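Colleague: Sharing upload19.pdb below, PDB, C-alpha atoms:
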```pdb
ATOM      1  CA  MET A   1      52.692   4.896  19.200
ATOM      2  CA  SER A   2      52.354   4.248  22.944
ATOM      3  CA  ASN A   3      53.558   0.640  23.224
ATOM      4  CA  GLN A   4      56.515   0.196  25.541
ATOM      5  CA  LYS A   5      57.154  -3.413  24.579
ATOM      6  CA  PHE A   6      57.902  -4.933  21.197
ATOM      7  CA  GLY A   7      56.514  -8.450  21.352
ATOM      8  CA  VAL A   8      57.896 -11.139  19.052
ATOM      9  CA  VAL A   9      55.508 -14.052  18.502
ATOM     10  CA  GLY A  10      56.152 -17.100  16.338
ATOM     11  CA  PHE A  11      53.317 -18.638  14.342
ATOM     12  CA  PRO A  12      54.893 -21.824  12.915
ATOM     13  CA  TRP A  13      51.933 -22.860  10.789
ATOM     14  CA  ASP A  14      51.767 -23.797   7.124
ATOM     15  CA  GLY A  15      48.504 -25.701   7.195
ATOM     16  CA  GLY A  16      47.081 -23.116   4.807
ATOM     17  CA  ALA A  17      49.744 -23.684   2.143
ATOM     18  CA  SER A  18      47.375 -25.664  -0.023
ATOM     19  CA  LEU A  19      48.692 -24.358  -3.358
ATOM     20  CA  GLY A  20      51.981 -22.749  -2.419
ATOM     21  CA  ARG A  21      55.074 -24.531  -1.135
ATOM     22  CA  PRO A  22      54.821 -25.792   2.450
ATOM     23  CA  GLY A  23      57.736 -25.198   4.790
ATOM     24  CA  SER A  24      57.050 -21.779   6.287
ATOM     25  CA  ARG A  25      56.407 -23.432   9.650
ATOM     26  CA  TYR A  26      60.187 -23.421  10.005
ATOM     27  CA  ALA A  27      60.521 -19.678   9.470
ATOM     28  CA  PRO A  28      59.989 -18.309  13.006
ATOM     29  CA  SER A  29      63.017 -20.118  14.426
ATOM     30  CA  LYS A  30      65.200 -19.211  11.446
ATOM     31  CA  ILE A  31      64.191 -15.540  11.542
ATOM     32  CA  ARG A  32      64.945 -15.449  15.256
ATOM     33  CA  GLU A  33      68.412 -16.866  14.549
ATOM     34  CA  ALA A  34      69.077 -14.159  11.966
ATOM     35  CA  PHE A  35      67.665 -11.521  14.311
ATOM     36  CA  VAL A  36      70.465 -12.197  16.800
ATOM     37  CA  TRP A  37      72.936 -10.796  14.262
ATOM     38  CA  PHE A  38      71.182  -7.415  14.342
ATOM     39  CA  VAL A  39      70.516  -7.353  18.092
ATOM     40  CA  ASN A  40      74.264  -7.836  18.574
ATOM     41  CA  ARG A  41      74.706  -4.229  17.388
ATOM     42  CA  ILE A  42      72.828  -2.825  20.402
ATOM     43  CA  GLU A  43      75.157  -1.427  23.076
ATOM     44  CA  ASN A  44      73.915   0.333  26.196
ATOM     45  CA  ASN A  45      70.440   0.377  24.645
ATOM     46  CA  GLN A  46      71.783   2.358  21.699
ATOM     47  CA  VAL A  47      72.163   1.519  18.025
ATOM     48  CA  TYR A  48      73.600   3.522  15.144
ATOM     49  CA  ASN A  49      71.845   3.641  11.779
ATOM     50  CA  VAL A  50      74.572   3.978   9.156
ATOM     51  CA  GLU A  51      72.196   5.003   6.351
ATOM     52  CA  LYS A  52      70.456   7.688   8.407
ATOM     53  CA  ARG A  53      73.655   8.745  10.216
ATOM     54  CA  GLN A  54      71.772   8.741  13.501
ATOM     55  CA  THR A  55      72.110   7.025  16.875
ATOM     56  CA  TYR A  56      68.910   5.804  18.488
ATOM     57  CA  GLN A  57      68.300   5.378  22.205
ATOM     58  CA  LEU A  58      66.037   2.401  22.799
ATOM     59  CA  ALA A  59      63.668   1.718  25.654
ATOM     60  CA  ASP A  60      65.070  -0.558  28.353
ATOM     61  CA  ASN A  61      64.297  -4.254  27.732
ATOM     62  CA  GLY A  62      61.854  -3.225  25.044
ATOM     63  CA  ILE A  63      62.224  -6.291  22.821
ATOM     64  CA  GLN A  64      60.593  -9.345  24.359
ATOM     65  CA  ASP A  65      60.001 -12.768  22.830
ATOM     66  CA  PHE A  66      56.656 -14.266  23.830
ATOM     67  CA  GLY A  67      57.291 -17.650  22.250
ATOM     68  CA  ASP A  68      55.103 -19.402  19.715
ATOM     69  CA  ILE A  69      51.402 -19.807  19.191
ATOM     70  CA  ASP A  70      50.250 -23.199  20.455
ATOM     71  CA  ILE A  71      49.821 -25.244  17.287
ATOM     72  CA  ALA A  72      47.185 -27.959  17.038
ATOM     73  CA  ALA A  73      48.338 -29.718  13.882
ATOM     74  CA  TYR A  74      45.010 -31.511  13.534
ATOM     75  CA  SER A  75      42.883 -28.346  13.569
ATOM     76  CA  THR A  76      42.992 -24.944  11.930
ATOM     77  CA  ASP A  77      40.132 -23.787  14.156
ATOM     78  CA  VAL A  78      41.893 -24.681  17.393
ATOM     79  CA  THR A  79      45.190 -23.211  16.220
ATOM     80  CA  PHE A  80      43.558 -19.961  15.154
ATOM     81  CA  ARG A  81      41.663 -19.681  18.458
ATOM     82  CA  ASN A  82      44.951 -20.125  20.278
ATOM     83  CA  ALA A  83      46.458 -17.360  18.153
ATOM     84  CA  GLU A  84      43.592 -14.967  18.824
ATOM     85  CA  GLU A  85      43.858 -15.573  22.562
ATOM     86  CA  LYS A  86      47.611 -14.988  22.658
ATOM     87  CA  ILE A  87      47.484 -11.807  20.580
ATOM     88  CA  ARG A  88      44.572 -10.406  22.591
ATOM     89  CA  GLY A  89      46.635 -10.950  25.724
ATOM     90  CA  LEU A  90      49.524  -8.954  24.280
ATOM     91  CA  LEU A  91      47.219  -6.141  23.232
ATOM     92  CA  ASP A  92      45.703  -6.112  26.727
ATOM     93  CA  ASP A  93      49.208  -5.566  28.079
ATOM     94  CA  ASN A  94      49.950  -2.783  25.581
ATOM     95  CA  VAL A  95      52.512  -4.895  23.727
ATOM     96  CA  PHE A  96      53.067  -4.322  20.022
ATOM     97  CA  PRO A  97      52.634  -7.750  18.365
ATOM     98  CA  PHE A  98      55.195  -8.628  15.712
ATOM     99  CA  VAL A  99      54.165 -12.028  14.381
ATOM    100  CA  LEU A 100      56.472 -14.363  12.479
ATOM    101  CA  GLY A 101      54.619 -16.722  10.132
ATOM    102  CA  GLY A 102      53.903 -19.174   8.822
ATOM    103  CA  ASP A 103      51.942 -19.152   5.581
ATOM    104  CA  HIS A 104      49.731 -16.171   4.949
ATOM    105  CA  SER A 105      46.636 -17.731   6.483
ATOM    106  CA  ILE A 106      48.155 -16.752   9.861
ATOM    107  CA  SER A 107      47.161 -13.125   9.312
ATOM    108  CA  TYR A 108      43.447 -13.703   9.790
ATOM    109  CA  PRO A 109      43.381 -14.658  13.509
ATOM    110  CA  VAL A 110      45.852 -11.877  14.315
ATOM    111  CA  ILE A 111      43.748  -9.333  12.403
ATOM    112  CA  LYS A 112      40.657 -10.634  14.181
ATOM    113  CA  ALA A 113      42.312 -10.200  17.575
ATOM    114  CA  LEU A 114      43.132  -6.567  16.786
ATOM    115  CA  HIS A 115      39.644  -6.035  15.354
ATOM    116  CA  ASP A 116      37.918  -7.461  18.419
ATOM    117  CA  LYS A 117      39.985  -5.244  20.722
ATOM    118  CA  THR A 118      39.068  -2.107  18.786
ATOM    119  CA  GLU A 119      35.807  -0.146  18.764
ATOM    120  CA  GLY A 120      36.474   1.733  15.530
ATOM    121  CA  LYS A 121      37.457   0.743  12.024
ATOM    122  CA  ILE A 122      40.546  -1.293  11.188
ATOM    123  CA  GLY A 123      42.726  -0.500   8.185
ATOM    124  CA  ILE A 124      44.993  -3.082   6.576
ATOM    125  CA  ILE A 125      48.192  -2.445   4.639
ATOM    126  CA  GLN A 126      49.203  -5.544   2.691
ATOM    127  CA  PHE A 127      52.579  -5.914   0.973
ATOM    128  CA  ASP A 128      52.091  -8.896  -1.313
ATOM    129  CA  ALA A 129      52.481 -10.278  -4.818
ATOM    130  CA  HIS A 130      49.035 -11.855  -4.498
ATOM    131  CA  LEU A 131      45.581 -10.552  -3.680
ATOM    132  CA  ASP A 132      44.558 -13.313  -1.226
ATOM    133  CA  LEU A 133      40.865 -12.660  -1.798
ATOM    134  CA  VAL A 134      39.761 -16.166  -2.763
ATOM    135  CA  ASP A 135      36.512 -16.999  -0.977
ATOM    136  CA  GLU A 136      36.537 -20.777  -0.828
ATOM    137  CA  SER A 137      37.562 -23.680  -3.029
ATOM    138  CA  PRO A 138      37.444 -27.470  -2.811
ATOM    139  CA  ILE A 139      41.239 -27.598  -2.756
ATOM    140  CA  GLN A 140      41.966 -24.730  -0.371
ATOM    141  CA  GLY A 141      38.893 -24.469   1.834
ATOM    142  CA  LYS A 142      38.059 -21.149   3.557
ATOM    143  CA  PHE A 143      41.170 -20.464   5.629
ATOM    144  CA  SER A 144      44.094 -20.841   3.258
ATOM    145  CA  GLN A 145      47.037 -18.638   2.356
ATOM    146  CA  SER A 146      44.846 -17.311  -0.495
ATOM    147  CA  SER A 147      41.853 -16.319   1.644
ATOM    148  CA  GLN A 148      42.940 -14.356   4.701
ATOM    149  CA  MET A 149      42.018 -10.983   3.212
ATOM    150  CA  ARG A 150      38.591 -12.255   2.140
ATOM    151  CA  ARG A 151      37.997 -13.533   5.667
ATOM    152  CA  ALA A 152      39.154 -10.216   7.129
ATOM    153  CA  LEU A 153      36.579  -8.395   5.013
ATOM    154  CA  GLU A 154      33.858 -10.402   6.746
ATOM    155  CA  LEU A 155      34.682  -8.709  10.049
ATOM    156  CA  PRO A 156      32.198  -5.901  10.696
ATOM    157  CA  ARG A 157      34.627  -2.990  11.092
ATOM    158  CA  ILE A 158      36.936  -3.750   8.166
ATOM    159  CA  ASN A 159      35.897  -2.061   4.931
ATOM    160  CA  PRO A 160      37.461  -2.568   1.484
ATOM    161  CA  GLU A 161      38.247   1.126   1.020
ATOM    162  CA  ASN A 162      40.508   0.864   4.095
ATOM    163  CA  ILE A 163      42.578  -1.969   2.607
ATOM    164  CA  VAL A 164      45.667  -1.126   0.544
ATOM    165  CA  GLN A 165      47.501  -3.840  -1.364
ATOM    166  CA  ILE A 166      51.045  -2.875  -2.378
ATOM    167  CA  GLY A 167      53.156  -4.758  -4.921
ATOM    168  CA  VAL A 168      50.428  -6.996  -6.355
ATOM    169  CA  ARG A 169      51.172  -8.310  -9.831
ATOM    170  CA  SER A 170      51.058 -11.080 -12.418
ATOM    171  CA  ILE A 171      48.069 -12.896 -13.956
ATOM    172  CA  ASN A 172      45.105 -14.040 -11.901
ATOM    173  CA  TYR A 173      41.552 -15.372 -11.966
ATOM    174  CA  PRO A 174      39.180 -13.484 -14.337
ATOM    175  CA  TRP A 175      36.521 -12.942 -11.666
ATOM    176  CA  TYR A 176      38.901 -10.548  -9.934
ATOM    177  CA  GLU A 177      38.169  -7.741 -12.420
ATOM    178  CA  ASN A 178      34.537  -7.246 -11.394
ATOM    179  CA  TYR A 179      35.195  -8.068  -7.754
ATOM    180  CA  LEU A 180      37.874  -5.409  -7.439
ATOM    181  CA  LYS A 181      35.824  -2.790  -9.298
ATOM    182  CA  GLU A 182      32.857  -3.406  -7.044
ATOM    183  CA  SER A 183      34.715  -3.740  -3.753
ATOM    184  CA  GLY A 184      36.787  -0.553  -3.741
ATOM    185  CA  ILE A 185      39.985  -2.125  -2.420
ATOM    186  CA  VAL A 186      42.952   0.185  -3.046
ATOM    187  CA  GLN A 187      45.713  -1.429  -5.073
ATOM    188  CA  ILE A 188      49.164  -0.145  -5.961
ATOM    189  CA  THR A 189      50.647  -2.683  -8.333
ATOM    190  CA  ALA A 190      54.331  -3.548  -8.471
ATOM    191  CA  ARG A 191      54.765  -1.628 -11.725
ATOM    192  CA  GLU A 192      53.004   1.380 -10.215
ATOM    193  CA  VAL A 193      55.385   1.229  -7.269
ATOM    194  CA  HIS A 194      58.338   1.144  -9.670
ATOM    195  CA  LYS A 195      56.987   4.243 -11.426
ATOM    196  CA  SER A 196      56.394   6.099  -8.145
ATOM    197  CA  THR A 197      58.479   7.226  -5.204
ATOM    198  CA  PRO A 198      58.161   5.515  -1.817
ATOM    199  CA  GLU A 199      56.773   8.786  -0.464
ATOM    200  CA  GLU A 200      54.011   8.808  -3.073
ATOM    201  CA  VAL A 201      53.041   5.209  -2.339
ATOM    202  CA  VAL A 202      52.892   5.831   1.409
ATOM    203  CA  ALA A 203      50.883   9.038   0.931
ATOM    204  CA  LYS A 204      48.282   7.156  -1.118
ATOM    205  CA  THR A 205      48.282   4.364   1.445
ATOM    206  CA  MET A 206      47.744   6.631   4.421
ATOM    207  CA  ALA A 207      44.980   8.520   2.615
ATOM    208  CA  ALA A 208      43.005   5.270   2.718
ATOM    209  CA  MET A 209      43.628   5.024   6.488
ATOM    210  CA  LYS A 210      42.329   8.464   7.406
ATOM    211  CA  ASP A 211      39.193   7.334   9.256
ATOM    212  CA  VAL A 212      40.440   4.141  10.912
ATOM    213  CA  GLU A 213      41.282   3.657  14.581
ATOM    214  CA  LYS A 214      43.907   0.925  14.204
ATOM    215  CA  ILE A 215      46.122  -0.216  11.332
ATOM    216  CA  TYR A 216      47.356  -3.737  10.662
ATOM    217  CA  LEU A 217      50.372  -4.306   8.410
ATOM    218  CA  THR A 218      51.030  -7.678   6.813
ATOM    219  CA  PHE A 219      54.206  -8.255   4.815
ATOM    220  CA  ASP A 220      54.251 -11.276   2.540
ATOM    221  CA  ILE A 221      57.895 -11.841   1.655
ATOM    222  CA  ASP A 222      56.921 -12.632  -1.945
ATOM    223  CA  VAL A 223      56.205  -8.947  -2.507
ATOM    224  CA  LEU A 224      59.937  -8.912  -3.221
ATOM    225  CA  ASP A 225      61.149 -10.070  -6.591
ATOM    226  CA  PRO A 226      62.254 -13.739  -6.314
ATOM    227  CA  ALA A 227      65.808 -12.623  -7.037
ATOM    228  CA  TYR A 228      65.828 -11.021  -3.580
ATOM    229  CA  ALA A 229      63.696 -13.592  -1.766
ATOM    230  CA  PRO A 230      64.321 -17.128  -3.030
ATOM    231  CA  GLY A 231      62.866 -18.615   0.146
ATOM    232  CA  SER A 232      59.193 -17.833  -0.303
ATOM    233  CA  GLY A 233      55.941 -19.711  -0.744
ATOM    234  CA  ALA A 234      55.698 -18.874  -4.442
ATOM    235  CA  ASN A 235      57.755 -17.148  -7.135
ATOM    236  CA  GLU A 236      56.152 -14.189  -8.924
ATOM    237  CA  PRO A 237      58.600 -12.333 -11.210
ATOM    238  CA  GLY A 238      58.480  -8.561 -11.426
ATOM    239  CA  GLY A 239      58.477  -7.755  -7.725
ATOM    240  CA  LEU A 240      59.826  -4.984  -5.539
ATOM    241  CA  THR A 241      63.368  -4.415  -4.345
ATOM    242  CA  PRO A 242      64.501  -4.544  -0.707
ATOM    243  CA  VAL A 243      65.327  -0.828  -0.749
ATOM    244  CA  GLN A 244      61.864   0.102  -2.027
ATOM    245  CA  CYS A 245      60.249  -1.945   0.711
ATOM    246  CA  MET A 246      62.546  -0.674   3.450
ATOM    247  CA  GLU A 247      61.932   2.953   2.537
ATOM    248  CA  MET A 248      58.160   2.502   2.559
ATOM    249  CA  LEU A 249      58.219   0.500   5.768
ATOM    250  CA  ASP A 250      60.373   3.125   7.496
ATOM    251  CA  MET A 251      57.502   5.563   6.995
ATOM    252  CA  LEU A 252      54.913   3.102   8.293
ATOM    253  CA  TYR A 253      56.437   1.425  11.357
ATOM    254  CA  SER A 254      55.305   4.141  13.753
ATOM    255  CA  LYS A 255      51.800   4.302  12.281
ATOM    256  CA  VAL A 256      50.694   0.669  12.614
ATOM    257  CA  ASP A 257      49.353  -1.275  15.600
ATOM    258  CA  ALA A 258      50.292  -4.858  14.704
ATOM    259  CA  PHE A 259      52.554  -6.461  12.126
ATOM    260  CA  ASP A 260      53.168  -9.855  10.605
ATOM    261  CA  ILE A 261      55.672 -11.338   8.173
ATOM    262  CA  ALA A 262      54.386 -14.299   6.191
ATOM    263  CA  GLU A 263      55.525 -16.865   3.633
ATOM    264  CA  VAL A 264      59.222 -16.983   4.486
ATOM    265  CA  ASN A 265      60.160 -20.556   3.572
ATOM    266  CA  PRO A 266      63.571 -21.725   4.815
ATOM    267  CA  LEU A 267      63.319 -24.958   2.829
ATOM    268  CA  TYR A 268      63.727 -22.971  -0.393
ATOM    269  CA  ASP A 269      66.014 -20.244   0.904
ATOM    270  CA  HIS A 270      69.636 -19.813  -0.178
ATOM    271  CA  GLN A 271      72.283 -18.810   2.346
ATOM    272  CA  ASP A 272      69.509 -17.406   4.591
ATOM    273  CA  ILE A 273      68.965 -14.477   2.216
ATOM    274  CA  THR A 274      65.214 -14.356   2.779
ATOM    275  CA  THR A 275      65.212 -15.010   6.513
ATOM    276  CA  THR A 276      67.881 -12.345   7.017
ATOM    277  CA  PHE A 277      65.761  -9.770   5.221
ATOM    278  CA  ALA A 278      62.780 -10.704   7.386
ATOM    279  CA  ALA A 279      64.945 -10.293  10.479
ATOM    280  CA  ARG A 280      66.124  -6.893   9.252
ATOM    281  CA  ILE A 281      62.513  -5.770   8.881
ATOM    282  CA  MET A 282      61.794  -6.927  12.428
ATOM    283  CA  PHE A 283      64.838  -5.119  13.794
ATOM    284  CA  ASP A 284      64.061  -1.892  11.932
ATOM    285  CA  CYS A 285      60.502  -2.012  13.240
ATOM    286  CA  ALA A 286      61.704  -2.583  16.791
ATOM    287  CA  VAL A 287      64.137   0.334  16.592
ATOM    288  CA  ALA A 288      61.480   2.631  15.152
ATOM    289  CA  ARG A 289      58.963   1.762  17.839
ATOM    290  CA  LEU A 290      61.308   1.704  20.831
ATOM    291  CA  SER A 291      63.355   4.837  20.069
ATOM    292  CA  LYS A 292      63.126   7.514  22.724
TER     293      LYS A 292
END
```
Please lay out the structure from this file as structure tokens.

Modeller:
Amino acid sequence: MSNQKFGVVGFPWDGGASLGRPGSRYAPSKIREAFVWFVNRIENNQVYNVEKRQTYQLADNGIQDFGDIDIAAYSTDVTFRNAEEKIRGLLDDNVFPFVLGGDHSISYPVIKALHDKTEGKIGIIQFDAHLDLVDESPIQGKFSQSSQMRRALELPRINPENIVQIGVRSINYPWYENYLKESGIVQITAREVHKSTPEEVVAKTMAAMKDVEKIYLTFDIDVLDPAYAPGSGANEPGGLTPVQCMEMLDMLYSKVDAFDIAEVNPLYDHQDITTTFAARIMFDCAVARLSK
């Protein structure tokens, strides 16, 4: 963990929300608004964590907002190229990219930027209700919110055994059974998380990362049960709790090299419950990475 800057980047894109609810393009600005509430607690570059009973000293001017990806509403290709270029620039400058989506298709160009800047293997930790491994369909095309993980697997240094999907659940397409058996992707379902401790889940996750050079973490807000995240792209009952996610993330923040939050949808949120949780994740990550 050598980054000295925590770089916030907005990716206000929901052009991949072909089956889910559009509206996540509005999330970056709303999450930033909620983030101000947490940043207000920083005094003299220090912040006190009530739950851990510990004061953290933060790096000077460590949190920096690099604005939004340039969106070309008429073109996924152009928008994604713009995203790759911006994220590569941050990585060149040793900035930790924290990307605010956007529907979950936004992960692919950010993953690709990290991949292309890395000589070794890339591991991916995915918190999500859904598998996002659809190849292509007439309705969704190739670069939808359901396909970013499938596209990531086409990159030469991303292997299925180095992908861990946490919190997946519900009923899905029948072809998934053979695909998952053959691919070797590591899955820890929502019910398995409920039956385990956060420490056990993270230990299994990191075991799959043992031979990778860089780790990408993507957090789809719908990994939470809809009761905790009403403002999401889709409702899948039976999800995780905020405390479960926060405890696992606390053990992962210092181990990953890029991070995104996807599928926060302010149009369906209630009293900013979902955007506030996303902002809390961003703040916790910033504190973990900037603490001296």

Colleague: Considering all atoms listed in the file, state which residue in the set A:Gly167, A:Thr118, A:Asn172, A:Ala27 is at the smallest distance from Val134 of chain A.

Modeller: A:Asn172

Colleague: Could you name the residues that touch Ile124 of chain A at 8 Å or less, counting all atoms listed in the file, but leaving out those on the same chain fewer than 2 positions away, as a list in words?

Modeller: Ile122, Gln126, Asn162, Ile163, Val164, Ile215, Tyr216, Leu217 and Thr218 of chain A

Colleague: For this structure, which residues satisfy the selection - the PyMOL selection byres ((chain A and resi 180-182) around 12) - when it is evaluated on the file as given? I want them as a list in words.

Modeller: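 Selected by the PyMOL selection byres ((chain A and resi 180-182) around 12) here: Leu131, Leu133, Val134, Arg150, Pro160, Glu161, Ile163, Val164, Gln165, Tyr173, Pro174, Trp175, Tyr176, Glu177, Asn178, Tyr179, Ser183, Gly184, Ile185, Val186 and Gln187 of chain A.
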
Colleague: Create the file for the chosen residues now, containing C-alpha atoms and written as a PDB file, in the frame of the given file.

Modeller:
```
ATOM      1  CA  LEU A 131      45.581 -10.552  -3.680  1.00  0.00           C
ATOM      2  CA  LEU A 133      40.865 -12.660  -1.798  1.00  0.00           C
ATOM      3  CA  VAL A 134      39.761 -16.166  -2.763  1.00  0.00           C
ATOM      4  CA  ARG A 150      38.591 -12.255   2.140  1.00  0.00           C
ATOM      5  CA  PRO A 160      37.461  -2.568   1.484  1.00  0.00           C
ATOM      6  CA  GLU A 161      38.247   1.126   1.020  1.00  0.00           C
ATOM      7  CA  ILE A 163      42.578  -1.969   2.607  1.00  0.00           C
ATOM      8  CA  VAL A 164      45.667  -1.126   0.544  1.00  0.00           C
ATOM      9  CA  GLN A 165      47.501  -3.840  -1.364  1.00  0.00           C
ATOM     10  CA  TYR A 173      41.552 -15.372 -11.966  1.00  0.00           C
ATOM     11  CA  PRO A 174      39.180 -13.484 -14.337  1.00  0.00           C
ATOM     12  CA  TRP A 175      36.521 -12.942 -11.666  1.00  0.00           C
ATOM     13  CA  TYR A 176      38.901 -10.548  -9.934  1.00  0.00           C
ATOM     14  CA  GLU A 177      38.169  -7.741 -12.420  1.00  0.00           C
ATOM     15  CA  ASN A 178      34.537  -7.246 -11.394  1.00  0.00           C
ATOM     16  CA  TYR A 179      35.195  -8.068  -7.754  1.00  0.00           C
ATOM     17  CA  SER A 183      34.715  -3.740  -3.753  1.00  0.00           C
ATOM     18  CA  GLY A 184      36.787  -0.553  -3.741  1.00  0.00           C
ATOM     19  CA  ILE A 185      39.985  -2.125  -2.420  1.00  0.00           C
ATOM     20  CA  VAL A 186      42.952   0.185  -3.046  1.00  0.00           C
ATOM     21  CA  GLN A 187      45.713  -1.429  -5.073  1.00  0.00           C
TER      22      GLN A 187
END
```

Colleague: What's the separation between atom CA of Asn44 of chain A and atom CA of Asp60 of chain A, in Å to one decimal place?

Modeller: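 So the two atoms, atom CA of Asn44 of chain A and atom CA of Asp60 of chain A, lie 9.1 Å apart.
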
Colleague: Could you jot down the atom CA of Gly10 of chain A to atom CA of Val264 of chain A separation for me, Å, one decimal place?

Modeller: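 Atom CA of Gly10 of chain A sits 12.2 Å away from atom CA of Val264 of chain A.
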
Colleague: May I have the residues within 7 Å of Thr276 of chain A as a list in words, using all atoms listed in the file and disregarding those fewer than 3 positions away in the same chain?

Modeller: Ile31, Ala34, Asp272, Ile273, Ala279 and Arg280 of chain A

Colleague: The PyMOL selection byres ((chain A and resi 55-59) around 6) on the file shown: which residues, as a ChimeraX atom specification?

Modeller: /A:45-48,54,60,62,290-292

Colleague: Within 10 Å of (59.4, -10.5, 0.8), in the coordinates the file gives, what residues turn up when you count all atoms listed in the file, written out as a ChimeraX atom specification?

Modeller: /A:127-129,219-226,228-233,239-242,245,261-264,274-275,277-278,281

Colleague: Generate a file of the selected residues that holds C-alpha atoms, formatted as a compact mmCIF listing (two decimals), keeping the file's coordinate frame.

Modeller:
```
# COMPACT_ATOMS: atom_id res chain seq x y z
CA PHE A 127 52.58 -5.91 0.97
CA ASP A 128 52.09 -8.90 -1.31
CA ALA A 129 52.48 -10.28 -4.82
CA PHE A 219 54.21 -8.26 4.82
CA ASP A 220 54.25 -11.28 2.54
CA ILE A 221 57.90 -11.84 1.66
CA ASP A 222 56.92 -12.63 -1.94
CA VAL A 223 56.20 -8.95 -2.51
CA LEU A 224 59.94 -8.91 -3.22
CA ASP A 225 61.15 -10.07 -6.59
CA PRO A 226 62.25 -13.74 -6.31
CA TYR A 228 65.83 -11.02 -3.58
CA ALA A 229 63.70 -13.59 -1.77
CA PRO A 230 64.32 -17.13 -3.03
CA GLY A 231 62.87 -18.61 0.15
CA SER A 232 59.19 -17.83 -0.30
CA GLY A 233 55.94 -19.71 -0.74
CA GLY A 239 58.48 -7.76 -7.72
CA LEU A 240 59.83 -4.98 -5.54
CA THR A 241 63.37 -4.42 -4.34
CA PRO A 242 64.50 -4.54 -0.71
CA CYS A 245 60.25 -1.94 0.71
CA ILE A 261 55.67 -11.34 8.17
CA ALA A 262 54.39 -14.30 6.19
CA GLU A 263 55.52 -16.86 3.63
CA VAL A 264 59.22 -16.98 4.49
CA THR A 274 65.21 -14.36 2.78
CA THR A 275 65.21 -15.01 6.51
CA PHE A 277 65.76 -9.77 5.22
CA ALA A 278 62.78 -10.70 7.39
CA ILE A 281 62.51 -5.77 8.88
```

Colleague: Written as a PyMOL selection string, what is the full residue list that the PyMOL selection byres ((chain A and resi 106-116) around 7) yields on the file shown?

Modeller: chain A and resi 80+83-84+87-88+101-105+117-118+122+148+151-152+216+260

Colleague: Compare A:Asn265, A:Ser137, A:Gln145, A:Gln4 by their minimum atom-to-atom distance to Arg25 of chain A, counting all atoms listed in the file, and give me the closest one.

Modeller: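 Closest candidate: A:Asn265.
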
Colleague: Quick one: distance from atom CA of Ala17 of chain A to atom CA of His194 of chain A in Å, one decimal?

Modeller: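 Value for the atom CA of Ala17 of chain A-atom CA of His194 of chain A distance: 28.8 Å.
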
Colleague: Which one is closest to Phe35 of chain A: A:Leu267, A:Ile125, A:Ile63, A:Ser146? Count all atoms listed in the file.

Modeller: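 Checking each candidate against Phe35 of chain A, we get A:Ile63 as the closest.
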
Colleague: Determine, counting all atoms listed in the file, every residue of protein, DNA or RNA that lies within 9 Å of (60.0, 6.2, 2.6) in the file coordinates, then give the result as an mmCIF file with C-alpha atoms, keeping the file's coordinate frame.

Modeller:
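Result written to point_4.cif:
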```
data_model
loop_
_atom_site.group_PDB
_atom_site.id
_atom_site.type_symbol
_atom_site.label_atom_id
_atom_site.label_comp_id
_atom_site.auth_asym_id
_atom_site.auth_seq_id
_atom_site.Cartn_x
_atom_site.Cartn_y
_atom_site.Cartn_z
ATOM 1 C CA THR A 197 58.479 7.226 -5.204
ATOM 2 C CA PRO A 198 58.161 5.515 -1.817
ATOM 3 C CA GLU A 199 56.773 8.786 -0.464
ATOM 4 C CA GLU A 200 54.011 8.808 -3.073
ATOM 5 C CA VAL A 201 53.041 5.209 -2.339
ATOM 6 C CA VAL A 202 52.892 5.831 1.409
ATOM 7 C CA GLN A 244 61.864 0.102 -2.027
ATOM 8 C CA CYS A 245 60.249 -1.945 0.711
ATOM 9 C CA MET A 246 62.546 -0.674 3.450
ATOM 10 C CA GLU A 247 61.932 2.953 2.537
ATOM 11 C CA MET A 248 58.160 2.502 2.559
ATOM 12 C CA LEU A 249 58.219 0.500 5.768
ATOM 13 C CA ASP A 250 60.373 3.125 7.496
ATOM 14 C CA MET A 251 57.502 5.563 6.995
ATOM 15 C CA LEU A 252 54.913 3.102 8.293
#
```

Colleague: With all atoms listed in the file as the basis for distance, which of A:Pro138, A:Pro97, A:Gly67, A:Gly7 is at the shortest distance from Leu19 of chain A?

Modeller: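 Of all the options, A:Pro138 lies closest to Leu19 of chain A.
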
Colleague: Around segment 269-276 of chain A, fit a box with edges along x, y and z, padding it by 3 Å on each side, then list its centre and edge lengths in Å to one decimal as JSON.

Modeller:
```
{"center_x": 68.7, "center_y": -16.3, "center_z": 3.4, "size_x": 13.1, "size_y": 13.9, "size_z": 13.2}
```

Colleague: Any chance you could export segment 247-261 of chain A with C-alpha atoms, as a PDB file, in the first residue's frame?

Modeller:
```
ATOM      1  CA  GLU A 247     -16.090  -5.958   8.510  1.00  0.00           C
ATOM      2  CA  MET A 248     -14.941  -7.773   5.376  1.00  0.00           C
ATOM      3  CA  LEU A 249     -14.017  -4.557   3.612  1.00  0.00           C
ATOM      4  CA  ASP A 250     -12.003  -3.359   6.616  1.00  0.00           C
ATOM      5  CA  MET A 251      -9.744  -6.368   6.087  1.00  0.00           C
ATOM      6  CA  LEU A 252      -9.421  -5.728   2.353  1.00  0.00           C
ATOM      7  CA  TYR A 253      -8.944  -1.972   1.925  1.00  0.00           C
ATOM      8  CA  SER A 254      -5.182  -2.113   2.399  1.00  0.00           C
ATOM      9  CA  LYS A 255      -4.772  -5.121   0.104  1.00  0.00           C
ATOM     10  CA  VAL A 256      -6.400  -3.835  -3.094  1.00  0.00           C
ATOM     11  CA  ASP A 257      -5.067  -1.558  -5.839  1.00  0.00           C
ATOM     12  CA  ALA A 258      -8.271  -0.063  -7.260  1.00  0.00           C
ATOM     13  CA  PHE A 259     -11.887   0.054  -6.143  1.00  0.00           C
ATOM     14  CA  ASP A 260     -15.279   0.845  -7.584  1.00  0.00           C
ATOM     15  CA  ILE A 261     -18.810   1.142  -6.234  1.00  0.00           C
TER      16      ILE A 261
END
```
